[in-house]
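This is upload_33.txt. It holds compact mmCIF, C-alpha atoms.
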# COMPACT_ATOMS: atom_id res chain seq x y z
CA MET A 1 -26.20 16.10 23.82
CA ASN A 2 -28.74 13.98 25.74
CA GLY A 3 -28.73 13.00 29.40
CA PHE A 4 -27.32 9.55 28.71
CA PHE A 5 -24.15 10.91 27.14
CA VAL A 6 -23.71 13.38 30.00
CA ARG A 7 -24.01 10.52 32.49
CA PHE A 8 -21.52 8.49 30.45
CA LEU A 9 -18.96 11.30 30.53
CA SER A 10 -19.56 11.77 34.25
CA LEU A 11 -18.93 8.10 34.93
CA THR A 12 -15.79 8.29 32.81
CA VAL A 13 -14.48 11.19 34.89
CA LEU A 14 -15.28 9.40 38.15
CA ALA A 15 -13.57 6.25 36.95
CA THR A 16 -10.54 8.28 35.92
CA LEU A 17 -10.29 9.75 39.39
CA SER A 18 -10.41 6.26 40.89
CA ALA A 19 -7.85 4.85 38.48
CA SER A 20 -5.07 5.51 40.97
CA SER A 21 -6.00 2.25 42.64
CA PRO A 22 -3.09 -0.17 42.12
CA ALA A 23 -5.55 -3.02 41.61
CA MET A 24 -7.03 -1.53 38.44
CA ASP A 25 -5.57 -0.41 35.12
CA PHE A 26 -7.72 2.33 33.56
CA ASN A 27 -7.38 4.10 30.21
CA VAL A 28 -9.47 6.77 28.51
CA SER A 29 -9.09 7.53 24.82
CA GLY A 30 -11.09 9.27 22.14
CA PHE A 31 -11.51 9.72 18.41
CA GLY A 32 -13.24 11.98 15.99
CA THR A 33 -13.69 13.12 12.41
CA VAL A 34 -14.48 16.57 11.10
CA GLY A 35 -15.54 15.86 7.53
CA PHE A 36 -17.04 17.92 4.71
CA ALA A 37 -18.64 16.36 1.63
CA GLN A 38 -20.25 17.96 -1.42
CA SER A 39 -21.72 16.66 -4.66
CA ASP A 40 -22.66 18.31 -7.93
CA LYS A 41 -26.36 17.37 -7.68
CA PRO A 42 -29.26 19.01 -5.79
CA TYR A 43 -30.68 15.77 -4.36
CA HIS A 44 -29.34 13.96 -1.30
CA TYR A 45 -26.92 11.07 -1.63
CA GLN A 46 -26.21 8.85 1.39
CA ARG A 47 -28.83 10.85 3.32
CA PHE A 48 -26.94 14.15 3.54
CA ILE A 49 -24.60 14.87 0.61
CA ASP A 50 -25.79 17.40 -2.00
CA GLU A 51 -24.50 20.39 -3.95
CA GLU A 52 -24.72 22.64 -0.90
CA GLY A 53 -22.22 20.52 1.01
CA THR A 54 -22.48 19.09 4.50
CA PHE A 55 -20.46 18.36 7.62
CA THR A 56 -23.12 15.92 8.83
CA ARG A 57 -22.33 12.85 6.71
CA ASP A 58 -18.84 12.10 8.03
CA SER A 59 -18.36 14.00 11.29
CA ILE A 60 -18.30 12.07 14.57
CA LEU A 61 -16.93 12.33 18.11
CA GLY A 62 -16.30 9.39 20.44
CA VAL A 63 -14.88 8.55 23.86
CA GLN A 64 -13.74 5.12 25.04
CA ALA A 65 -12.93 3.85 28.51
CA ASP A 66 -11.03 0.59 29.07
CA VAL A 67 -10.71 -0.96 32.51
CA LYS A 68 -8.51 -3.94 33.33
CA PHE A 69 -9.52 -5.37 36.68
CA THR A 70 -7.11 -8.30 36.52
CA SER A 71 -4.84 -9.83 33.89
CA GLN A 72 -7.85 -11.85 32.69
CA LEU A 73 -10.90 -9.65 33.33
CA GLY A 74 -11.65 -6.25 31.81
CA ALA A 75 -14.40 -3.98 30.50
CA THR A 76 -14.80 -1.51 27.63
CA VAL A 77 -17.33 1.29 27.12
CA GLN A 78 -17.41 3.44 23.98
CA GLY A 79 -19.86 6.26 23.40
CA LYS A 80 -20.23 8.40 20.29
CA LEU A 81 -22.03 11.50 19.08
CA ALA A 82 -23.03 11.10 15.42
CA PRO A 83 -25.92 11.58 12.98
CA SER A 84 -28.95 9.68 14.18
CA SER A 85 -29.78 6.24 12.80
CA GLU A 86 -33.51 7.00 13.11
CA SER A 87 -33.77 10.59 11.92
CA ASP A 88 -32.22 12.73 9.18
CA ARG A 89 -32.55 15.88 11.26
CA ARG A 90 -30.71 15.24 14.51
CA TRP A 91 -27.60 13.84 16.12
CA ASP A 92 -27.73 11.15 18.79
CA ALA A 93 -25.37 10.07 21.56
CA THR A 94 -25.24 6.27 21.66
CA LEU A 95 -23.16 3.41 22.96
CA SER A 96 -21.14 1.49 20.39
CA TRP A 97 -19.46 -0.82 22.88
CA ALA A 98 -20.31 -1.71 26.47
CA PHE A 99 -18.99 -5.15 27.34
CA VAL A 100 -16.97 -7.12 29.85
CA SER A 101 -14.20 -9.37 28.57
CA TRP A 102 -12.61 -12.47 30.02
CA ARG A 103 -9.40 -13.98 28.66
CA PRO A 104 -8.76 -17.25 30.55
CA THR A 105 -5.72 -17.95 28.31
CA ASP A 106 -3.94 -16.13 25.49
CA GLU A 107 -5.92 -18.19 22.96
CA TRP A 108 -9.46 -17.70 24.30
CA LEU A 109 -11.52 -14.51 24.61
CA VAL A 110 -15.09 -14.23 25.90
CA ARG A 111 -17.03 -10.95 25.68
CA ALA A 112 -20.55 -10.18 26.90
CA GLY A 113 -22.52 -6.96 26.47
CA LYS A 114 -22.97 -4.57 23.56
CA LEU A 115 -20.57 -5.62 20.80
CA ARG A 116 -19.55 -4.42 17.35
CA LEU A 117 -19.80 -7.39 14.98
CA PRO A 118 -16.76 -8.84 13.16
CA PHE A 119 -18.31 -8.32 9.73
CA MET A 120 -16.17 -6.60 7.09
CA LEU A 121 -12.47 -5.82 7.57
CA ASN A 122 -13.17 -2.36 9.01
CA THR A 123 -16.63 -2.83 10.56
CA GLU A 124 -15.35 -2.91 14.14
CA ASN A 125 -13.31 0.29 13.68
CA ALA A 126 -15.57 2.00 11.11
CA ASP A 127 -16.23 4.98 13.41
CA VAL A 128 -12.51 5.67 13.90
CA GLY A 129 -11.49 7.31 10.63
CA ALA A 130 -7.84 7.56 11.71
CA THR A 131 -7.51 3.76 11.44
CA TYR A 132 -8.01 3.47 7.65
CA ASP A 133 -7.06 5.52 4.60
CA PHE A 134 -10.35 5.75 2.68
CA ALA A 135 -12.13 9.07 3.07
CA ARG A 136 -15.30 6.97 3.39
CA LEU A 137 -15.63 3.20 3.51
CA PRO A 138 -17.26 1.94 0.28
CA MET A 139 -21.01 2.02 0.92
CA GLU A 140 -21.61 -0.58 -1.76
CA VAL A 141 -20.28 -3.11 0.75
CA TYR A 142 -20.46 -1.45 4.17
CA SER A 143 -24.18 -0.64 3.93
CA ILE A 144 -25.20 -4.26 3.40
CA ALA A 145 -25.29 -5.58 6.99
CA PRO A 146 -28.74 -5.12 8.62
CA THR A 147 -26.92 -4.23 11.86
CA THR A 148 -23.34 -3.88 13.06
CA ASP A 149 -24.07 -3.95 16.82
CA VAL A 150 -25.80 -6.44 19.11
CA VAL A 151 -26.18 -7.03 22.82
CA GLY A 152 -25.04 -10.58 23.35
CA LEU A 153 -22.12 -12.96 23.66
CA SER A 154 -18.94 -13.49 21.62
CA ILE A 155 -16.43 -16.33 22.02
CA SER A 156 -13.21 -16.47 19.99
CA LYS A 157 -10.32 -18.94 19.77
CA THR A 158 -6.92 -17.98 18.33
CA TRP A 159 -4.27 -20.34 16.99
CA LEU A 160 -0.88 -18.62 17.04
CA GLY A 161 1.48 -19.76 14.28
CA GLU A 162 4.97 -18.86 13.16
CA LYS A 163 3.68 -16.96 10.11
CA VAL A 164 -0.12 -16.93 10.34
CA ASP A 165 -2.46 -16.37 13.29
CA TRP A 166 -5.96 -17.82 12.91
CA THR A 167 -8.99 -16.61 14.87
CA LEU A 168 -12.43 -18.21 14.84
CA GLU A 169 -15.17 -16.10 16.43
CA GLY A 170 -18.76 -17.05 17.08
CA TYR A 171 -21.35 -14.60 18.35
CA THR A 172 -25.06 -14.22 19.00
CA GLY A 173 -27.09 -11.26 20.17
CA ARG A 174 -30.10 -9.02 19.79
CA THR A 175 -30.72 -5.35 19.16
CA GLU A 176 -33.34 -2.86 18.05
CA GLY A 177 -32.81 -0.56 15.11
CA HIS A 178 -34.36 1.15 12.11
CA TRP A 179 -34.45 0.63 8.37
CA ARG A 180 -34.57 3.88 6.42
CA TYR A 181 -36.85 4.31 3.42
CA TYR A 182 -37.32 7.31 1.15
CA GLY A 183 -40.49 8.17 -0.78
CA ARG A 184 -40.20 10.37 -3.86
CA GLU A 185 -43.89 11.30 -4.00
CA ILE A 186 -45.27 10.31 -0.60
CA ARG A 187 -43.87 8.66 2.51
CA ASP A 188 -45.32 6.41 5.16
CA GLY A 189 -47.98 8.36 7.03
CA SER A 190 -47.67 11.51 4.91
CA ASN A 191 -48.60 12.76 1.45
CA ALA A 192 -45.31 14.68 1.18
CA PRO A 193 -42.02 13.21 -0.08
CA GLY A 194 -39.30 12.36 2.41
CA SER A 195 -37.72 9.67 4.54
CA TRP A 196 -39.16 7.48 7.26
CA PHE A 197 -37.54 4.99 9.61
CA LEU A 198 -39.15 1.62 10.23
CA PRO A 199 -38.42 0.30 13.77
CA ILE A 200 -37.29 -3.33 13.77
CA LYS A 201 -36.03 -5.98 16.17
CA ILE A 202 -32.96 -7.94 15.12
CA LYS A 203 -31.33 -11.15 16.27
CA SER A 204 -27.99 -11.99 14.67
CA SER A 205 -25.68 -14.98 15.02
CA GLY A 206 -22.55 -15.71 13.06
CA LEU A 207 -19.23 -17.43 12.66
CA VAL A 208 -16.19 -15.56 11.34
CA LEU A 209 -12.73 -16.88 10.47
CA THR A 210 -9.81 -14.43 10.26
CA ALA A 211 -6.19 -15.11 9.26
CA LYS A 212 -3.46 -12.53 9.88
CA THR A 213 0.19 -12.31 8.98
CA THR A 214 2.56 -9.43 9.62
CA ASP A 215 1.31 -7.64 6.49
CA ASP A 216 -1.87 -9.38 5.33
CA VAL A 217 -5.35 -10.15 6.60
CA PHE A 218 -8.06 -12.49 5.30
CA ARG A 219 -11.62 -12.88 6.57
CA ALA A 220 -14.68 -15.01 5.79
CA GLY A 221 -17.97 -15.05 7.65
CA VAL A 222 -21.46 -16.48 7.59
CA HIS A 223 -24.29 -14.85 9.53
CA GLU A 224 -27.99 -15.51 10.10
CA VAL A 225 -30.11 -12.49 10.92
CA GLU A 226 -33.72 -12.57 12.12
CA VAL A 227 -35.67 -9.35 11.46
CA ALA A 228 -39.10 -8.58 12.92
CA ARG A 229 -41.34 -5.53 12.88
CA MET A 230 -42.28 -3.86 16.14
CA GLY A 231 -45.73 -5.19 17.04
CA THR A 232 -46.82 -6.19 13.54
CA LYS A 233 -46.15 -8.69 10.81
CA THR A 234 -43.73 -8.12 7.96
CA GLY A 235 -45.10 -8.02 4.41
CA THR A 236 -43.56 -10.64 2.17
CA ASP A 237 -44.60 -9.48 -1.30
CA ILE A 238 -46.16 -6.83 -3.51
CA VAL A 239 -48.85 -8.08 -5.90
CA ARG A 240 -50.80 -6.65 -8.86
CA ASN A 241 -54.56 -6.63 -8.39
CA ALA A 242 -57.05 -6.36 -11.25
CA THR A 243 -59.29 -3.29 -11.67
CA PRO A 244 -62.57 -2.69 -13.54
CA ILE A 245 -60.50 -1.14 -16.34
CA PRO A 246 -59.34 -3.88 -18.75
CA GLY A 247 -55.58 -4.35 -18.82
CA VAL A 248 -55.00 -2.07 -15.81
CA GLY A 249 -53.81 -3.29 -12.42
CA ILE A 250 -52.95 -1.69 -9.11
CA TYR A 251 -49.95 -2.87 -7.10
CA ASN A 252 -50.43 -3.33 -3.37
CA PHE A 253 -49.06 -5.31 -0.45
CA ALA A 254 -49.99 -8.96 -0.46
CA PRO A 255 -52.32 -9.94 2.39
CA GLY A 256 -50.95 -11.69 5.45
CA GLY A 257 -47.28 -11.54 6.32
CA VAL A 258 -44.80 -13.26 8.60
CA GLU A 259 -43.71 -12.71 12.18
CA LYS A 260 -40.04 -12.52 11.19
CA LEU A 261 -37.68 -12.74 8.25
CA ILE A 262 -34.60 -14.95 8.12
CA VAL A 263 -31.83 -12.99 6.40
CA PRO A 264 -28.57 -14.82 5.57
CA VAL A 265 -25.45 -12.67 5.14
CA TYR A 266 -22.08 -13.81 3.78
CA ASN A 267 -18.82 -11.90 3.59
CA LEU A 268 -15.28 -12.33 2.25
CA GLY A 269 -12.34 -9.94 2.53
CA ALA A 270 -8.60 -9.76 1.98
CA SER A 271 -5.92 -7.10 2.25
CA VAL A 272 -2.53 -8.09 0.86
CA LEU A 273 0.78 -6.21 0.75
CA LEU A 274 2.57 -6.72 -2.57
CA PRO A 275 6.14 -5.82 -3.59
CA GLN A 276 7.00 -2.12 -3.92
CA ALA A 277 4.72 -1.34 -0.93
CA VAL A 278 1.57 -1.78 -3.03
CA ARG A 279 -1.48 -2.90 -1.07
CA VAL A 280 -4.48 -4.58 -2.71
CA THR A 281 -7.72 -4.85 -0.73
CA GLY A 282 -10.96 -6.44 -1.81
CA GLU A 283 -14.20 -7.28 -0.04
CA TYR A 284 -17.44 -8.98 -1.03
CA ALA A 285 -20.76 -9.30 0.80
CA LEU A 286 -24.06 -10.98 -0.06
CA ILE A 287 -27.45 -10.63 1.62
CA ARG A 288 -30.81 -12.24 0.84
CA VAL A 289 -34.09 -10.57 1.88
CA ASN A 290 -37.33 -12.32 0.93
CA SER A 291 -39.91 -9.60 1.51
CA ALA A 292 -41.55 -6.62 -0.15
CA SER A 293 -38.17 -4.88 0.26
CA GLU A 294 -36.49 -7.56 -1.83
CA GLY A 295 -34.24 -4.98 -3.46
CA LEU A 296 -32.21 -5.24 -0.26
CA SER A 297 -31.32 -8.75 -1.43
CA ARG A 298 -28.08 -7.88 -3.18
CA TRP A 299 -24.36 -8.33 -3.47
CA GLY A 300 -21.65 -5.71 -3.09
CA ALA A 301 -17.92 -5.72 -3.76
CA TYR A 302 -14.95 -3.41 -4.13
CA LEU A 303 -11.29 -3.64 -5.09
CA SER A 304 -8.75 -1.02 -4.06
CA VAL A 305 -5.06 -0.43 -4.81
CA SER A 306 -2.90 1.86 -2.67
CA ARG A 307 0.77 2.64 -2.14
CA ARG A 308 2.51 4.48 0.66
CA PHE A 309 4.88 7.36 -0.13
CA GLY A 310 6.24 8.50 3.22
CA GLU A 311 3.29 10.03 5.09
CA TRP A 312 1.04 9.91 2.00
CA MET A 313 -1.20 7.00 0.99
CA PRO A 314 -2.89 7.58 -2.39
CA TYR A 315 -5.50 5.01 -3.40
CA VAL A 316 -8.02 4.13 -6.06
CA TYR A 317 -11.00 1.80 -5.73
CA PHE A 318 -13.92 0.57 -7.77
CA ALA A 319 -17.05 -0.60 -6.00
CA LYS A 320 -20.36 -1.99 -7.19
CA MET A 321 -23.58 -3.27 -5.67
CA LYS A 322 -26.53 -4.84 -7.40
CA SER A 323 -29.88 -6.25 -6.35
CA THR A 324 -31.16 -9.46 -7.88
CA ASP A 325 -32.47 -9.24 -11.43
CA GLY A 326 -35.92 -10.22 -10.14
CA ALA A 327 -36.00 -7.31 -7.69
CA LEU A 328 -34.87 -4.81 -10.32
CA GLU A 329 -37.49 -6.08 -12.77
CA GLN A 330 -40.17 -5.82 -10.10
CA TRP A 331 -39.15 -2.23 -9.38
CA LYS A 332 -39.42 -1.37 -13.08
CA ARG A 333 -42.89 -2.91 -13.33
CA ILE A 334 -44.23 -1.07 -10.29
CA ASN A 335 -42.45 2.20 -11.07
CA GLY A 336 -43.78 2.16 -14.65
CA ASN A 337 -47.36 1.41 -13.65
CA VAL A 338 -49.14 4.64 -14.64
CA LEU A 339 -52.86 4.52 -13.85
CA PRO A 340 -55.34 6.34 -16.11
CA PRO A 341 -58.38 8.30 -14.89
CA PRO A 342 -60.38 7.68 -12.77
CA LEU A 343 -57.52 5.90 -10.93
CA ALA A 344 -54.82 8.51 -11.61
CA HIS A 345 -55.03 9.80 -8.03
CA LEU A 346 -53.44 6.48 -6.96
CA ASN A 347 -50.27 6.99 -9.00
CA PRO A 348 -48.29 8.32 -5.99
CA THR A 349 -49.02 5.05 -4.17
CA GLN A 350 -47.44 3.11 -7.05
CA LYS A 351 -44.25 5.18 -6.73
CA PHE A 352 -44.40 4.61 -2.96
CA LEU A 353 -44.50 0.84 -3.43
CA ALA A 354 -41.64 1.00 -5.93
CA ASP A 355 -39.61 2.87 -3.31
CA ILE A 356 -40.46 0.16 -0.76
CA VAL A 357 -38.62 -2.37 -2.97
CA VAL A 358 -35.39 -0.38 -2.31
CA PRO A 359 -33.52 -1.42 -5.48
CA MET A 360 -29.74 -1.23 -5.44
CA ASP A 361 -27.79 -0.86 -8.66
CA GLN A 362 -24.81 1.48 -8.62
CA SER A 363 -21.05 1.68 -8.96
CA THR A 364 -18.40 4.08 -7.65
CA LEU A 365 -14.93 4.95 -8.89
CA ALA A 366 -12.93 6.82 -6.24
CA LEU A 367 -9.51 8.47 -6.22
CA GLY A 368 -8.16 9.75 -2.94
CA THR A 369 -5.29 10.08 -0.54
CA SER A 370 -4.59 10.26 3.16
CA TRP A 371 -1.80 12.32 4.73
CA ARG A 372 -0.44 11.46 8.17
CA VAL A 373 0.10 14.91 9.69
CA SER A 374 0.95 13.56 13.16
CA ALA A 375 0.97 10.36 15.15
CA ASN A 376 -2.69 10.99 16.00
CA GLY A 377 -3.93 12.94 12.99
CA LEU A 378 -4.88 11.99 9.43
CA VAL A 379 -6.08 14.31 6.67
CA LYS A 380 -8.03 12.75 3.79
CA ALA A 381 -9.26 13.98 0.44
CA GLU A 382 -11.27 12.09 -2.18
CA TRP A 383 -13.11 12.45 -5.48
CA ALA A 384 -15.73 9.80 -6.23
CA HIS A 385 -17.81 9.35 -9.36
CA VAL A 386 -21.07 7.50 -8.75
CA ARG A 387 -23.23 5.99 -11.48
CA THR A 388 -26.63 4.43 -10.85
CA GLY A 389 -28.16 1.79 -13.10
CA VAL A 390 -31.83 0.84 -12.78
CA ALA A 391 -32.14 2.60 -9.41
CA SER A 392 -30.30 3.10 -6.12
CA GLY A 393 -31.67 3.24 -2.59
CA LEU A 394 -28.73 5.47 -1.61
CA VAL A 395 -30.10 8.30 -3.79
CA ASP A 396 -33.05 10.36 -2.55
CA ALA A 397 -34.58 10.99 -5.96
CA PRO A 398 -36.40 14.31 -6.46
CA LYS A 399 -40.19 14.35 -6.78
CA GLY A 400 -41.20 13.30 -10.28
CA SER A 401 -37.80 11.73 -10.99
CA ASP A 402 -35.98 8.43 -10.56
CA SER A 403 -32.80 7.44 -8.75
CA GLY A 404 -31.67 5.44 -11.78
CA GLY A 405 -29.52 6.71 -14.63
CA GLN A 406 -27.79 9.27 -12.42
CA HIS A 407 -24.17 10.43 -12.60
CA LEU A 408 -22.79 12.42 -9.70
CA ASN A 409 -19.41 13.53 -8.39
CA VAL A 410 -18.72 13.61 -4.66
CA TYR A 411 -15.84 15.63 -3.18
CA SER A 412 -14.76 14.87 0.39
CA VAL A 413 -12.16 16.25 2.78
CA SER A 414 -11.75 15.39 6.45
CA TYR A 415 -9.50 15.58 9.48
CA ASN A 416 -9.43 12.38 11.53
CA PHE A 417 -7.86 12.20 14.98
CA THR A 418 -7.40 10.12 18.09
CA PHE A 419 -6.45 11.20 21.60
What's the C-alpha cells form of this structure?
Amino acid sequence: MNGFFVRFLSLTVLATLSASSPAMDFNVSGFGTVGFAQSDKPYHYQRFIDEEGTFTRDSILGVQADVKFTSQLGATVQGKLAPSSESDRRWDATLSWAFVSWRPTDEWLVRAGKLRLPFMLNTENADVGATYDFARLPMEVYSIAPTTDVVGLSISKTWLGEKVDWTLEGYTGRTEGHWRYYGREIRDGSNAPGSWFLPIKIKSSGLVLTAKTTDDVFRAGVHEVEVARMGTKTGTDIVRNATPIPGVGIYNFAPGGVEKLIVPVYNLGASVLLPQAVRVTGEYALIRVNSASEGLSRWGAYLSVSRRFGEWMPYVYFAKMKSTDGALEQWKRINGNVLPPPLAHLNPTQKFLADIVVPMDQSTLALGTSWRVSANGLVKAEWAHVRTGVASGLVDAPKGSDSGGQHLNVYSVSYNFTF
C-alpha cells in the first residue's frame, strides 16, 4: 500500500471525525471482491488467469467518501487497491473518483474532477462486483474503451417523465495511462518474451443518452478519443521492405508518424425485463484505431439472458469481438513471414511486429449464477468457454505458438461485498 493510499485513508478518518458538524452530511462506504479464477491452459488469459489459478484477476478493495456541503454542492472521493494498470507484477492504490458536484436544480448536474466515464451500462460501477450478477463483465465489450477515467468536466440534463426518464450527458477530460502489449518471442527493450506497457496521454470527449424506466435501461453514446505517445510520435503503419533475397521482404515500422491519433468510439446498450422475470441484456461497442496497432480497431458485443429465483440469479451470455478483416489479414501476413538464412536471426522481430498489431478475434460462452447471501454480500460462480479465431490480444501465447485457434475453459468463483 503506497503513501498516497495511506494519506487518503487518513483524510477519510479525519473527515469522519468532523462529520458531526450540522452543516455537513458525510458518508463513508466501501466495496470489495475476493475472486479466484482458473483455466485449463498453461498460458495467461486476461493477464493473470492460467491453470494454476489466481486471486489477482478479480480481487479488489475500495473505499468511498461522499460529502454533502449543501443541498446543491457535494464531493466524492473513491480510492481502490487493485492489480496495476501498468505492471503485471504489482498492485496499485489509485483514485477512481475525486470530483465536486453541483446540482442547481433536480434536472441539472455538473461534476468537475476525476470522473468515471458513462460508457457501457456497468462502466461506472465496474469495480463494485456486488452491483451486477456476472462473475466478470464480458471483456469482449468492456475492454474496448481506451480509458474509463478522465480528469475533466461533465454536465448532464435529465428530463423526468411519467414512465421514462431521459438523461443527456456531455463530458470532456484528459488522463495518462498505459496500453499493454505482449510479445511471444521478444518484447520492447528485451530479447525475452513478456509484456510491456506503453505510456500514453489521452483526451476524451463524448455525448451519452440514457433512458430509464422502472425496470429497463437503454444507452447510446458517441466519443472522440485523442491518443498520443509520451514524448514521441505514434507509428501509423507497418510496411514490407525488400531485401537482397528475391521474393523475401522484412516487415518494419513505416517511417515518420503522427503526434496523435483520433480514435472514435461508439456504444449501444439495453437491459430489458420481460415477462416471467426474465431479463435480456445486450451491449455493442465499436472502436477505430488507424495505426500500427490497427487490430485494436474492432467491434464487440454480447447478449445475456437471466432470471431471478429468490436470491439466485442464473444467467447465460454469448460474447464476441473481432478486429477488421484488414487487420487480421495483416497479422497473418506478418506472423507468417519466415525469413531464410542469412536473415533468420530477424524472425523474432517479425513475431514482435505481429504482436504489435494486437489482433482481436474471439468469442465466449458463459454460464453462471449469483447468490445474494445478505443485503451486502453476493457470491458468484461461472464457467466460461473461450474460443479464439485468427488471434486474440487477450491471450498471452507461449513462445513458439500463436494465440489463435485456442479453446480454453475458465472457472471463476468470488465473494462480492459492500459496507
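Closest to Pro314 of chain A among A:Val278, A:Ala65, A:Ile202, A:Met230 is A:Val278, based on all atoms listed in the file.
Across the model, the gap from atom CA of Lys351 of chain A to atom CA of Ile186 of chain A is 8.1 Å.
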Counting all atoms listed in the file, I want the residues whose atoms come within 12 Å of (-18.5, 6.8, 19.0) in the file frame, returned as an MDAnalysis selection string. chainID A and resid 5 8 29:33 59:65 77:84 91:98 116 124:129 418
Coordinates-based distance that separates atom CA of Val100 of chain A from atom CA of Trp159 of chain A (Å, one decimal): 22.4 Å
Give me the residues within 7 Å of Ser323 of chain A as a list in words, counting all atoms listed in the file and dropping any in the same chain fewer than 6 places off.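 Residues near the query, excluding close chain neighbours: Gly295, Leu296, Ser297, Arg298, Trp299, Pro359, Met360 and Asp361 of chain A.
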Kindly provide the residues of segment 77-164 of chain A that approach segment 306-309 of chain A to within 12 Å, each paired with its closest atom pair and their distance in Å to one decimal, based on all atoms listed in the file, listed by chain and increasing number, as a tab-separated table.
residue	atom	partner	partner_atom	distance
A:Tyr132	CA	A:Ser306	CA	11.6
A:Asp133	CA	A:Ser306	CA	9.1
A:Phe134	CA	A:Ser306	CA	10.0
Could you list as a list in words every residue that has an atom within 12 Å of (-61.2, 0.1, -18.1), using the file's coordinates and counting all atoms listed in the file? Ala242, Thr243, Pro244, Ile245, Pro246, Gly247, Val248, Gly249, Leu339, Pro340, Pro341, Pro342 and Leu343 of chain A
Grab the residues selected above and save them as a tab-separated table (two decimals), in the coordinates of the input with C-alpha atoms.
chain	number	residue	atom	x	y	z
A	242	ALA	CA	-57.05	-6.36	-11.25
A	243	THR	CA	-59.29	-3.29	-11.67
A	244	PRO	CA	-62.57	-2.69	-13.54
A	245	ILE	CA	-60.50	-1.14	-16.34
A	246	PRO	CA	-59.34	-3.88	-18.75
A	247	GLY	CA	-55.58	-4.35	-18.82
A	248	VAL	CA	-55.00	-2.07	-15.81
A	249	GLY	CA	-53.81	-3.29	-12.42
A	339	LEU	CA	-52.86	4.52	-13.85
A	340	PRO	CA	-55.34	6.34	-16.11
A	341	PRO	CA	-58.38	8.30	-14.89
A	342	PRO	CA	-60.38	7.68	-12.77
A	343	LEU	CA	-57.52	5.90	-10.93
At most 12 Å is the cut-off: for each residue in segment 42-93 of chain A with any atom that close to an atom of segment 398-409 of chain A, write down the nearest atom pair and the distance in Å rounded to one decimal, counting all atoms listed in the file, chain first then increasing number, as a Markdown table.
| residue | atom | partner | partner_atom | distance |
| --- | --- | --- | --- | --- |
| A:Pro42 | CA | A:Pro398 | CA | 8.6 |
| A:Tyr43 | CA | A:Pro398 | CA | 6.3 |
| A:His44 | CA | A:Pro398 | CA | 8.8 |
| A:Tyr45 | CA | A:Leu408 | CA | 9.2 |
| A:Ile49 | CA | A:Asn409 | CA | 10.5 |
| A:Asp50 | CA | A:Leu408 | CA | 9.6 |
| A:Glu51 | CA | A:Asn409 | CA | 9.6 |
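Shortest separation to Tyr315 of chain A among A:His385, A:Ala135, A:Val413, A:Gln330 occurs at residue A:Ala135, atoms counted being all atoms listed in the file.
The spacing separating atom CA of Lys41 of chain A from atom CA of Leu394 of chain A amounts to 13.6 Å.
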Within 10 Å of Glu107 of chain A using all atoms listed in the file, minus same-chain residues under 6 positions, as a PyMOL selection string: chain A and resi 156-160+167
